[in-house]
Structures are given as structure tokens and as C-alpha cells.
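The next block is entry.txt, given as compact mmCIF, N, CA and C atoms.
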```txt
# COMPACT_ATOMS: atom_id res chain seq x y z
N MET A 25 108.55 86.48 97.92
CA MET A 25 108.09 87.49 98.84
C MET A 25 108.88 88.77 98.56
N LYS A 26 108.17 89.89 98.55
CA LYS A 26 108.79 91.18 98.27
C LYS A 26 108.78 92.04 99.53
N GLU A 27 109.86 92.77 99.74
CA GLU A 27 110.00 93.57 100.96
C GLU A 27 109.67 95.03 100.70
N LEU A 28 108.92 95.61 101.63
CA LEU A 28 108.61 97.03 101.64
C LEU A 28 109.17 97.63 102.93
N PRO A 29 109.37 98.95 102.96
CA PRO A 29 109.88 99.58 104.18
C PRO A 29 108.98 99.31 105.39
N GLY A 30 109.59 99.31 106.56
CA GLY A 30 108.84 99.13 107.80
C GLY A 30 108.72 97.68 108.23
N ASP A 31 109.63 96.82 107.73
CA ASP A 31 109.62 95.42 108.11
C ASP A 31 108.32 94.75 107.67
N VAL A 32 107.94 95.01 106.39
CA VAL A 32 106.72 94.47 105.80
C VAL A 32 107.10 93.67 104.57
N PHE A 33 106.48 92.52 104.42
CA PHE A 33 106.71 91.65 103.28
C PHE A 33 105.37 91.37 102.61
N VAL A 34 105.36 91.38 101.28
CA VAL A 34 104.14 91.19 100.50
C VAL A 34 104.30 89.94 99.65
N THR A 35 103.21 89.17 99.59
CA THR A 35 103.25 87.95 98.80
C THR A 35 101.85 87.60 98.31
N GLY A 36 101.79 86.55 97.50
CA GLY A 36 100.51 86.02 97.06
C GLY A 36 99.91 85.13 98.14
N GLN A 37 98.87 84.42 97.78
CA GLN A 37 98.11 83.58 98.72
C GLN A 37 99.01 82.69 99.56
N LEU A 38 98.72 82.65 100.84
CA LEU A 38 99.39 81.75 101.77
C LEU A 38 98.42 80.67 102.22
N MET A 39 98.98 79.53 102.56
CA MET A 39 98.21 78.42 103.11
C MET A 39 98.46 78.36 104.63
N PRO A 40 97.56 77.75 105.38
CA PRO A 40 97.75 77.72 106.84
C PRO A 40 99.12 77.20 107.29
N ALA A 41 99.63 76.15 106.68
CA ALA A 41 100.93 75.61 107.09
C ALA A 41 102.06 76.61 106.85
N GLN A 42 101.90 77.46 105.85
CA GLN A 42 102.92 78.46 105.56
C GLN A 42 102.98 79.53 106.66
N LEU A 43 101.86 79.82 107.30
CA LEU A 43 101.87 80.78 108.39
C LEU A 43 102.76 80.27 109.52
N GLN A 44 102.65 78.99 109.85
CA GLN A 44 103.48 78.41 110.90
C GLN A 44 104.96 78.47 110.50
N ALA A 45 105.26 78.14 109.26
CA ALA A 45 106.66 78.17 108.80
C ALA A 45 107.22 79.59 108.86
N LEU A 46 106.42 80.56 108.48
CA LEU A 46 106.87 81.96 108.54
C LEU A 46 107.02 82.42 109.99
N ALA A 47 106.16 81.94 110.86
CA ALA A 47 106.28 82.27 112.29
C ALA A 47 107.62 81.76 112.83
N GLU A 48 108.02 80.58 112.39
CA GLU A 48 109.29 80.01 112.82
C GLU A 48 110.48 80.83 112.32
N GLN A 49 110.25 81.62 111.27
CA GLN A 49 111.29 82.51 110.74
C GLN A 49 111.22 83.90 111.36
N GLY A 50 110.29 84.11 112.29
CA GLY A 50 110.23 85.37 113.01
C GLY A 50 109.09 86.30 112.67
N VAL A 51 108.24 85.94 111.71
CA VAL A 51 107.09 86.78 111.37
C VAL A 51 106.16 86.85 112.58
N MET A 52 105.66 88.06 112.87
CA MET A 52 104.80 88.27 114.04
C MET A 52 103.33 88.50 113.69
N SER A 53 103.05 88.98 112.46
CA SER A 53 101.68 89.35 112.09
C SER A 53 101.42 89.06 110.62
N PHE A 54 100.14 88.83 110.33
CA PHE A 54 99.69 88.62 108.96
C PHE A 54 98.51 89.51 108.67
N ILE A 55 98.48 90.07 107.46
CA ILE A 55 97.33 90.84 106.99
C ILE A 55 96.86 90.17 105.70
N ASN A 56 95.65 89.65 105.71
CA ASN A 56 95.05 88.96 104.57
C ASN A 56 94.12 89.94 103.86
N ASN A 57 94.47 90.30 102.64
CA ASN A 57 93.64 91.23 101.87
C ASN A 57 92.77 90.52 100.83
N ARG A 58 92.66 89.22 100.95
CA ARG A 58 91.90 88.44 99.97
C ARG A 58 90.52 88.09 100.50
N PRO A 59 89.46 88.38 99.73
CA PRO A 59 88.12 87.97 100.15
C PRO A 59 87.99 86.45 100.13
N ASP A 60 87.20 85.90 101.04
CA ASP A 60 86.92 84.47 101.02
C ASP A 60 86.22 84.09 99.72
N GLN A 61 86.49 82.89 99.28
CA GLN A 61 85.86 82.29 98.09
C GLN A 61 86.13 83.05 96.81
N GLU A 62 87.25 83.73 96.75
CA GLU A 62 87.62 84.45 95.53
C GLU A 62 88.04 83.46 94.44
N ALA A 63 88.62 82.32 94.85
CA ALA A 63 89.10 81.33 93.89
C ALA A 63 88.97 79.94 94.50
N PRO A 64 88.85 78.92 93.65
CA PRO A 64 88.78 77.55 94.16
C PRO A 64 90.06 77.18 94.92
N LEU A 65 89.92 76.35 95.93
CA LEU A 65 91.02 75.81 96.73
C LEU A 65 91.72 76.85 97.60
N GLN A 66 91.20 78.04 97.62
CA GLN A 66 91.76 79.09 98.48
C GLN A 66 91.31 78.82 99.92
N PRO A 67 92.21 78.89 100.89
CA PRO A 67 91.77 78.69 102.28
C PRO A 67 90.88 79.85 102.73
N MET A 68 89.94 79.53 103.57
CA MET A 68 89.06 80.56 104.13
C MET A 68 89.82 81.34 105.19
N SER A 69 89.42 82.57 105.40
CA SER A 69 90.08 83.42 106.38
C SER A 69 90.06 82.79 107.77
N ASP A 70 88.95 82.12 108.12
CA ASP A 70 88.87 81.48 109.44
C ASP A 70 89.97 80.45 109.64
N GLU A 71 90.28 79.67 108.58
CA GLU A 71 91.35 78.68 108.67
C GLU A 71 92.70 79.35 108.90
N LEU A 72 92.93 80.43 108.17
CA LEU A 72 94.18 81.16 108.30
C LEU A 72 94.29 81.81 109.68
N GLU A 73 93.20 82.35 110.15
CA GLU A 73 93.20 82.97 111.48
C GLU A 73 93.49 81.93 112.56
N GLN A 74 92.90 80.76 112.44
CA GLN A 74 93.16 79.69 113.42
C GLN A 74 94.63 79.29 113.41
N ALA A 75 95.23 79.20 112.21
CA ALA A 75 96.65 78.85 112.11
C ALA A 75 97.51 79.93 112.75
N ALA A 76 97.15 81.19 112.52
CA ALA A 76 97.90 82.30 113.13
C ALA A 76 97.76 82.26 114.65
N MET A 77 96.55 82.05 115.14
CA MET A 77 96.32 82.02 116.58
C MET A 77 97.07 80.86 117.22
N ALA A 78 97.11 79.71 116.55
CA ALA A 78 97.83 78.55 117.08
C ALA A 78 99.32 78.83 117.23
N ALA A 79 99.84 79.73 116.40
CA ALA A 79 101.25 80.12 116.47
C ALA A 79 101.44 81.40 117.29
N SER A 80 100.39 81.87 117.96
CA SER A 80 100.43 83.10 118.77
C SER A 80 100.81 84.34 117.94
N LEU A 81 100.25 84.42 116.75
CA LEU A 81 100.51 85.54 115.85
C LEU A 81 99.28 86.43 115.72
N ASP A 82 99.51 87.68 115.37
CA ASP A 82 98.40 88.59 115.08
C ASP A 82 97.93 88.34 113.66
N TYR A 83 96.62 88.43 113.45
CA TYR A 83 96.03 88.17 112.13
C TYR A 83 94.94 89.20 111.88
N PHE A 84 94.98 89.81 110.71
CA PHE A 84 93.99 90.80 110.30
C PHE A 84 93.41 90.36 108.96
N HIS A 85 92.10 90.37 108.83
CA HIS A 85 91.47 90.08 107.55
C HIS A 85 90.84 91.38 107.06
N ILE A 86 91.44 91.95 106.03
CA ILE A 86 90.97 93.21 105.45
C ILE A 86 90.76 92.93 103.96
N PRO A 87 89.65 92.26 103.62
CA PRO A 87 89.45 91.82 102.24
C PRO A 87 89.14 92.96 101.28
N MET A 88 89.87 92.98 100.18
CA MET A 88 89.67 94.00 99.17
C MET A 88 89.14 93.34 97.90
N ALA A 89 87.90 93.64 97.58
CA ALA A 89 87.28 93.18 96.33
C ALA A 89 86.82 94.43 95.60
N GLY A 90 87.28 94.61 94.40
CA GLY A 90 86.94 95.85 93.69
C GLY A 90 87.96 96.92 94.02
N GLY A 91 87.51 98.12 94.23
CA GLY A 91 88.42 99.25 94.44
C GLY A 91 88.68 99.56 95.90
N LEU A 92 89.51 100.55 96.06
CA LEU A 92 89.84 101.04 97.40
C LEU A 92 88.64 101.79 97.97
N THR A 93 88.43 101.61 99.26
CA THR A 93 87.36 102.34 99.94
C THR A 93 87.95 102.98 101.20
N PRO A 94 87.31 104.01 101.72
CA PRO A 94 87.79 104.60 102.97
C PRO A 94 87.87 103.57 104.10
N GLY A 95 86.92 102.64 104.15
CA GLY A 95 86.94 101.62 105.20
C GLY A 95 88.15 100.70 105.10
N LEU A 96 88.52 100.31 103.88
CA LEU A 96 89.71 99.48 103.69
C LEU A 96 90.98 100.21 104.11
N ILE A 97 91.05 101.47 103.74
CA ILE A 97 92.23 102.26 104.08
C ILE A 97 92.31 102.44 105.59
N GLU A 98 91.20 102.75 106.23
CA GLU A 98 91.19 102.94 107.69
C GLU A 98 91.58 101.65 108.41
N ALA A 99 91.03 100.52 107.97
CA ALA A 99 91.37 99.24 108.59
C ALA A 99 92.85 98.93 108.40
N SER A 100 93.39 99.25 107.24
CA SER A 100 94.81 99.02 106.97
C SER A 100 95.68 99.92 107.86
N LEU A 101 95.30 101.17 107.98
CA LEU A 101 96.04 102.09 108.87
C LEU A 101 96.11 101.53 110.28
N LYS A 102 94.97 101.08 110.80
CA LYS A 102 94.93 100.53 112.16
C LYS A 102 95.78 99.28 112.29
N ALA A 103 95.71 98.41 111.30
CA ALA A 103 96.50 97.17 111.35
C ALA A 103 97.99 97.49 111.36
N TYR A 104 98.44 98.37 110.48
CA TYR A 104 99.86 98.70 110.43
C TYR A 104 100.33 99.45 111.68
N GLU A 105 99.44 100.19 112.31
CA GLU A 105 99.79 100.90 113.54
C GLU A 105 99.94 99.96 114.73
N THR A 106 99.16 98.86 114.74
CA THR A 106 99.12 98.01 115.93
C THR A 106 99.83 96.67 115.78
N ALA A 107 100.03 96.20 114.57
CA ALA A 107 100.57 94.86 114.37
C ALA A 107 102.06 94.79 114.72
N PRO A 108 102.44 93.79 115.49
CA PRO A 108 103.87 93.58 115.72
C PRO A 108 104.57 93.22 114.41
N ARG A 109 105.80 93.66 114.29
CA ARG A 109 106.56 93.41 113.06
C ARG A 109 107.64 92.38 113.31
N PRO A 110 108.02 91.68 112.29
CA PRO A 110 107.69 91.78 110.87
C PRO A 110 106.26 91.34 110.56
N ILE A 111 105.74 91.95 109.49
CA ILE A 111 104.38 91.69 109.01
C ILE A 111 104.48 91.09 107.62
N VAL A 112 103.67 90.06 107.36
CA VAL A 112 103.49 89.56 106.00
C VAL A 112 102.05 89.87 105.62
N THR A 113 101.90 90.56 104.51
CA THR A 113 100.57 90.89 103.99
C THR A 113 100.41 90.18 102.66
N PHE A 114 99.19 89.70 102.38
CA PHE A 114 99.03 88.91 101.16
C PHE A 114 97.63 89.02 100.57
N CYS A 115 97.56 88.70 99.28
CA CYS A 115 96.32 88.58 98.53
C CYS A 115 96.63 87.57 97.42
N ALA A 116 95.95 87.62 96.31
CA ALA A 116 96.20 86.64 95.25
C ALA A 116 97.61 86.82 94.66
N SER A 117 97.96 88.05 94.32
CA SER A 117 99.26 88.31 93.69
C SER A 117 100.16 89.23 94.50
N GLY A 118 99.60 89.92 95.47
CA GLY A 118 100.34 90.90 96.26
C GLY A 118 100.04 92.34 95.86
N MET A 119 99.41 92.55 94.72
CA MET A 119 99.14 93.92 94.25
C MET A 119 98.20 94.69 95.17
N ARG A 120 97.10 94.09 95.58
CA ARG A 120 96.17 94.78 96.48
C ARG A 120 96.84 95.08 97.82
N SER A 121 97.60 94.11 98.31
CA SER A 121 98.29 94.31 99.59
C SER A 121 99.30 95.43 99.49
N ALA A 122 100.02 95.50 98.37
CA ALA A 122 101.00 96.57 98.17
C ALA A 122 100.31 97.93 98.10
N ALA A 123 99.18 98.00 97.40
CA ALA A 123 98.45 99.26 97.30
C ALA A 123 97.95 99.72 98.67
N LEU A 124 97.39 98.81 99.44
CA LEU A 124 96.91 99.18 100.77
C LEU A 124 98.06 99.58 101.69
N TRP A 125 99.19 98.91 101.56
CA TRP A 125 100.39 99.33 102.32
C TRP A 125 100.71 100.79 101.98
N GLY A 126 100.65 101.13 100.69
CA GLY A 126 100.96 102.50 100.26
C GLY A 126 100.06 103.53 100.93
N PHE A 127 98.77 103.26 100.96
CA PHE A 127 97.85 104.20 101.59
C PHE A 127 98.08 104.28 103.10
N ALA A 128 98.45 103.17 103.70
CA ALA A 128 98.68 103.17 105.14
C ALA A 128 99.98 103.89 105.53
N HIS A 129 100.88 104.09 104.58
CA HIS A 129 102.18 104.68 104.89
C HIS A 129 102.43 106.05 104.25
N VAL A 130 101.52 106.52 103.42
CA VAL A 130 101.76 107.76 102.68
C VAL A 130 101.88 108.98 103.59
N ASP A 131 101.15 109.02 104.68
CA ASP A 131 101.24 110.18 105.57
C ASP A 131 102.63 110.31 106.20
N ARG A 132 103.24 109.19 106.50
CA ARG A 132 104.56 109.18 107.13
C ARG A 132 105.69 109.32 106.11
N MET A 133 105.51 108.71 104.92
CA MET A 133 106.60 108.63 103.95
C MET A 133 106.50 109.66 102.82
N GLY A 134 105.29 110.06 102.48
CA GLY A 134 105.08 110.93 101.32
C GLY A 134 104.82 110.10 100.07
N VAL A 135 104.16 110.72 99.10
CA VAL A 135 103.74 110.03 97.89
C VAL A 135 104.93 109.49 97.10
N ASP A 136 105.92 110.33 96.86
CA ASP A 136 107.05 109.88 96.04
C ASP A 136 107.80 108.72 96.68
N ALA A 137 108.02 108.77 97.98
CA ALA A 137 108.73 107.68 98.66
C ALA A 137 107.92 106.38 98.62
N VAL A 138 106.62 106.48 98.79
CA VAL A 138 105.76 105.29 98.70
C VAL A 138 105.84 104.72 97.29
N MET A 139 105.69 105.57 96.30
CA MET A 139 105.72 105.09 94.92
C MET A 139 107.09 104.49 94.58
N ASP A 140 108.16 105.10 95.06
CA ASP A 140 109.50 104.56 94.83
C ASP A 140 109.66 103.19 95.49
N ALA A 141 109.16 103.05 96.71
CA ALA A 141 109.26 101.77 97.43
C ALA A 141 108.46 100.68 96.71
N LEU A 142 107.28 101.01 96.24
CA LEU A 142 106.47 100.05 95.51
C LEU A 142 107.17 99.62 94.23
N ALA A 143 107.71 100.57 93.51
CA ALA A 143 108.42 100.26 92.26
C ALA A 143 109.66 99.41 92.54
N ALA A 144 110.41 99.74 93.58
CA ALA A 144 111.62 98.98 93.93
C ALA A 144 111.28 97.54 94.29
N ALA A 145 110.09 97.32 94.84
CA ALA A 145 109.65 95.97 95.19
C ALA A 145 109.07 95.23 93.98
N GLY A 146 108.96 95.93 92.85
CA GLY A 146 108.48 95.28 91.64
C GLY A 146 107.00 95.46 91.35
N TYR A 147 106.36 96.40 92.05
CA TYR A 147 104.94 96.64 91.83
C TYR A 147 104.73 97.87 90.96
N ASP A 148 104.11 97.68 89.81
CA ASP A 148 103.78 98.78 88.91
C ASP A 148 102.40 99.29 89.30
N LEU A 149 102.39 100.22 90.22
CA LEU A 149 101.13 100.77 90.74
C LEU A 149 101.03 102.27 90.47
N GLU A 150 101.58 102.70 89.36
CA GLU A 150 101.53 104.12 89.01
C GLU A 150 100.09 104.62 88.98
N ARG A 151 99.15 103.74 88.69
CA ARG A 151 97.73 104.15 88.62
C ARG A 151 97.17 104.61 89.96
N ILE A 152 97.85 104.30 91.06
CA ILE A 152 97.33 104.78 92.36
C ILE A 152 97.98 106.10 92.78
N ARG A 153 98.91 106.63 91.97
CA ARG A 153 99.59 107.87 92.36
C ARG A 153 98.58 108.99 92.64
N ARG A 154 97.64 109.21 91.75
CA ARG A 154 96.67 110.30 91.93
C ARG A 154 95.79 110.08 93.16
N PRO A 155 95.18 108.88 93.31
CA PRO A 155 94.39 108.66 94.54
C PRO A 155 95.25 108.76 95.81
N LEU A 156 96.49 108.33 95.73
CA LEU A 156 97.39 108.41 96.87
C LEU A 156 97.68 109.88 97.21
N THR A 157 97.89 110.69 96.19
CA THR A 157 98.12 112.12 96.36
C THR A 157 96.89 112.79 96.97
N ASP A 158 95.72 112.44 96.45
CA ASP A 158 94.48 113.00 97.00
C ASP A 158 94.29 112.59 98.45
N PHE A 159 94.57 111.33 98.76
CA PHE A 159 94.44 110.84 100.14
C PHE A 159 95.42 111.57 101.07
N ALA A 160 96.65 111.73 100.61
CA ALA A 160 97.66 112.40 101.43
C ALA A 160 97.29 113.86 101.67
N GLY A 161 96.58 114.49 100.74
CA GLY A 161 96.21 115.89 100.87
C GLY A 161 94.88 116.12 101.56
N ARG A 162 94.26 115.07 102.04
CA ARG A 162 92.91 115.20 102.60
C ARG A 162 92.83 116.10 103.81
N SER A 163 93.88 116.16 104.63
CA SER A 163 93.81 116.99 105.83
C SER A 163 94.10 118.46 105.55
N ALA A 164 94.57 118.74 104.34
CA ALA A 164 94.87 120.12 103.97
C ALA A 164 93.61 120.89 103.60
N ASP A 165 92.52 120.15 103.35
CA ASP A 165 91.26 120.81 102.96
C ASP A 165 90.56 121.45 104.13
```
Structure translated into C-alpha cells:
Amino acid sequence: MKELPGDVFVTGQLMPAQLQALAEQGVMSFINNRPDQEAPLQPMSDELEQAAMAASLDYFHIPMAGGLTPGLIEASLKAYETAPRPIVTFCASGMRSAALWGFAHVDRMGVDAVMDALAAAGYDLERIRRPLTDFAGRSAD
């Protein structure tokens, strides 16, 4: 599991039993960025949501298949604004979750700080620098 600023942790696919174990360690919320049926033996979002609810945790399913969209970014912004922390966000490898975290935090942190945090956590996401810059500058237009 990799840590990002704001009491956020990013990881690959989680199983329902792992949500309970993480809850016992103090995790309060989960953000699942993986679409259902992306890979064999992957738990469905409904199973994960039930496990989170059984542990009285917040659960968000914001599946990212393909590229970033305004809807994904908006849903991520809302989740990060409302979810109790610590938050664990996950997808297959953590890359999509890390990218969405970046977009959800760029207004508060700035592009360079987001990119530095992603790099420090081990994510090579330099390819999102330009879209992140454009997103951060959207209100200036």
C-alpha cells in the first residue's frame, strides 16, 4: 500500500475480507476505481460494498475504464470531500486510483505538489501533468 497526502492510501485490488481487516486497522472509507468484470476472480463492487457496510465503512464505486472523464473527476472530488479518513482507494494496480486522487487534489495542492506526491509514492504519472495543468486552469478561463 502506498501513501499519498491527506491520509489516503492507494493499492491494487482488494477482496471483501481485506476491507474488514483494514477497518480493524482504522480505515474509514474505500474508493473502488475498478470496473466490475475487468478480470476473472475479481470481486464485484456489490460484494465489496456489502463488506464495507457490514464494517460500518463508507464505500464509493467510481469505476475508471479507458481515460479520464469529467464525470470521473467530479465523482472523485465529491468522494474525497465527504469520505471520512483514512481512505483506501484501489484499482488493479493503483495507477488509476492515484491519477484520480491527483485530479481531486490539484486545486488545493497545485500541479507540482500533486506530481511530486505521486512520484514519491512510486507512481510514474508524468503523462497526466498536462491534463492536470489544464484541469487546474479551468476556472481561469
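For the residues A:Arg151, A:Leu43, A:Phe114, A:Gly90, ranking by smallest atom-to-atom distance to A:Leu72 using only N, CA and C atoms places A:Leu43 first.
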Tell me, as a VMD selection string, which residues lie within 6.5 Å of A:Ser100, counting all atoms listed in the file; anything in the same chain fewer than 5 positions away does not count.
chain A and resid 95 105 124 128
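Rounded to one decimal, atom CA of A:Gln37 and atom CA of A:Met139 lie 23.1 Å from each other.
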Residues of stretch 98-164 of chain A in alpha helix (DSSP H), written as a ChimeraX atom specification:
/A:98-106,119-133,135-144,153-160
Residues of stretch 81-156 of chain A within 7 Å of stretch 50-68 of chain A: nearest atom pair and distance (Å, one decimal) for each, counting all atoms listed in the file, sorted by chain and number, as a Markdown table?
```
| residue | atom | partner | partner_atom | distance |
| --- | --- | --- | --- | --- |
| A:Leu81 | CA | A:Met52 | C | 4.6 |
| A:Asp82 | C | A:Phe54 | N | 4.0 |
| A:Tyr83 | CA | A:Phe54 | C | 4.5 |
| A:Phe84 | C | A:Asn56 | N | 4.0 |
| A:His85 | CA | A:Asn56 | C | 4.5 |
| A:Ile86 | C | A:Asn57 | CA | 3.9 |
| A:Pro87 | CA | A:Asn57 | C | 3.8 |
| A:Met88 | N | A:Asn57 | C | 3.9 |
| A:Ala89 | N | A:Pro59 | N | 5.9 |
| A:Ala107 | C | A:Ser53 | CA | 6.1 |
| A:Pro108 | C | A:Ser53 | N | 4.9 |
| A:Arg109 | C | A:Met52 | N | 4.8 |
| A:Pro110 | C | A:Met52 | N | 4.1 |
| A:Ile111 | CA | A:Ser53 | C | 4.3 |
| A:Val112 | C | A:Ile55 | N | 4.0 |
| A:Thr113 | CA | A:Ile55 | N | 4.1 |
| A:Phe114 | C | A:Asn57 | N | 4.0 |
| A:Cys115 | CA | A:Arg58 | N | 4.4 |
| A:Ala116 | N | A:Arg58 | CA | 5.5 |
| A:Arg120 | C | A:Asn57 | CA | 6.4 |
| A:Ser121 | CA | A:Asn57 | CA | 6.0 |
```
Picked from stretch 34-113 of chain A by DSSP as strand (DSSP E), as a VMD selection string:
chain A and resid 34 to 35 53 to 56 82 to 85 111 to 113
Around (99.4, 70.9, 111.0) in the file's frame, which residues reach within 10 Å when counting only C-alpha atoms? Return as a short mmCIF file (atom, residue, chain, number, x, y, z; two decimals) with N, CA and C atoms, in the coordinates of the input?
```cif
data_model
loop_
_atom_site.label_atom_id
_atom_site.label_comp_id
_atom_site.auth_asym_id
_atom_site.auth_seq_id
_atom_site.Cartn_x
_atom_site.Cartn_y
_atom_site.Cartn_z
N PRO A 40 97.56 77.75 105.38
CA PRO A 40 97.75 77.72 106.84
C PRO A 40 99.12 77.20 107.29
N ALA A 41 99.63 76.15 106.68
CA ALA A 41 100.93 75.61 107.09
C ALA A 41 102.06 76.61 106.85
N GLN A 42 101.90 77.46 105.85
CA GLN A 42 102.92 78.46 105.56
C GLN A 42 102.98 79.53 106.66
N GLN A 44 102.65 78.99 109.85
CA GLN A 44 103.48 78.41 110.90
C GLN A 44 104.96 78.47 110.50
N ALA A 75 95.23 79.20 112.21
CA ALA A 75 96.65 78.85 112.11
C ALA A 75 97.51 79.93 112.75
N ALA A 78 97.11 79.71 116.55
CA ALA A 78 97.83 78.55 117.08
C ALA A 78 99.32 78.83 117.23
#
```
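What separates atom CA of A:Ala160 from atom CA of A:Ala123 is a distance of 13.8 Å.
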Repaired coordinates for stretch 106-114 of chain A (all heavy atoms) as a short mmCIF file (atom, residue, chain, number, x, y, z; two decimals), in the coordinates of the input:
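What ended up in selection_12.cif:
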```cif
data_model
loop_
_atom_site.label_atom_id
_atom_site.label_comp_id
_atom_site.auth_asym_id
_atom_site.auth_seq_id
_atom_site.Cartn_x
_atom_site.Cartn_y
_atom_site.Cartn_z
N THR A 106 99.16 98.86 114.74
CA THR A 106 99.12 98.01 115.93
C THR A 106 99.83 96.67 115.78
O THR A 106 100.18 96.07 116.79
CB THR A 106 97.66 97.74 116.34
OG1 THR A 106 96.99 97.06 115.28
CG2 THR A 106 96.93 99.05 116.66
N ALA A 107 100.03 96.20 114.57
CA ALA A 107 100.57 94.86 114.37
C ALA A 107 102.06 94.79 114.72
O ALA A 107 102.84 95.64 114.28
CB ALA A 107 100.37 94.43 112.92
N PRO A 108 102.44 93.79 115.49
CA PRO A 108 103.87 93.58 115.72
C PRO A 108 104.57 93.22 114.41
O PRO A 108 103.98 92.58 113.55
CB PRO A 108 103.91 92.40 116.70
CG PRO A 108 102.53 92.29 117.26
CD PRO A 108 101.61 92.85 116.23
N ARG A 109 105.80 93.66 114.29
CA ARG A 109 106.56 93.41 113.06
C ARG A 109 107.64 92.38 113.31
O ARG A 109 108.10 92.26 114.44
CB ARG A 109 107.17 94.73 112.58
CG ARG A 109 106.06 95.66 112.11
CD ARG A 109 106.53 97.09 111.98
NE ARG A 109 105.41 97.98 111.83
CZ ARG A 109 104.93 98.40 110.65
NH1 ARG A 109 105.47 98.04 109.54
NH2 ARG A 109 103.90 99.22 110.62
N PRO A 110 108.02 91.68 112.29
CA PRO A 110 107.69 91.78 110.87
C PRO A 110 106.26 91.34 110.56
O PRO A 110 105.69 90.50 111.24
CB PRO A 110 108.70 90.89 110.16
CG PRO A 110 109.46 90.18 111.21
CD PRO A 110 109.07 90.69 112.53
N ILE A 111 105.74 91.95 109.49
CA ILE A 111 104.38 91.69 109.01
C ILE A 111 104.48 91.09 107.62
O ILE A 111 105.24 91.58 106.78
CB ILE A 111 103.57 93.00 108.92
CG1 ILE A 111 103.45 93.68 110.28
CG2 ILE A 111 102.20 92.75 108.29
CD1 ILE A 111 102.91 95.10 110.22
N VAL A 112 103.67 90.06 107.36
CA VAL A 112 103.49 89.56 106.00
C VAL A 112 102.05 89.87 105.62
O VAL A 112 101.11 89.51 106.33
CB VAL A 112 103.76 88.05 105.89
CG1 VAL A 112 103.36 87.53 104.52
CG2 VAL A 112 105.23 87.76 106.14
N THR A 113 101.90 90.56 104.51
CA THR A 113 100.57 90.89 103.99
C THR A 113 100.41 90.18 102.66
O THR A 113 101.37 90.06 101.90
CB THR A 113 100.37 92.42 103.90
OG1 THR A 113 99.05 92.69 103.44
CG2 THR A 113 101.37 93.08 102.99
N PHE A 114 99.19 89.70 102.38
CA PHE A 114 99.03 88.91 101.16
C PHE A 114 97.63 89.02 100.57
O PHE A 114 96.67 89.38 101.24
CB PHE A 114 99.37 87.43 101.44
CG PHE A 114 98.47 86.76 102.44
CD1 PHE A 114 97.37 86.04 102.04
CD2 PHE A 114 98.75 86.83 103.80
CE1 PHE A 114 96.55 85.40 102.96
CE2 PHE A 114 97.94 86.19 104.74
CZ PHE A 114 96.83 85.48 104.30
#
```
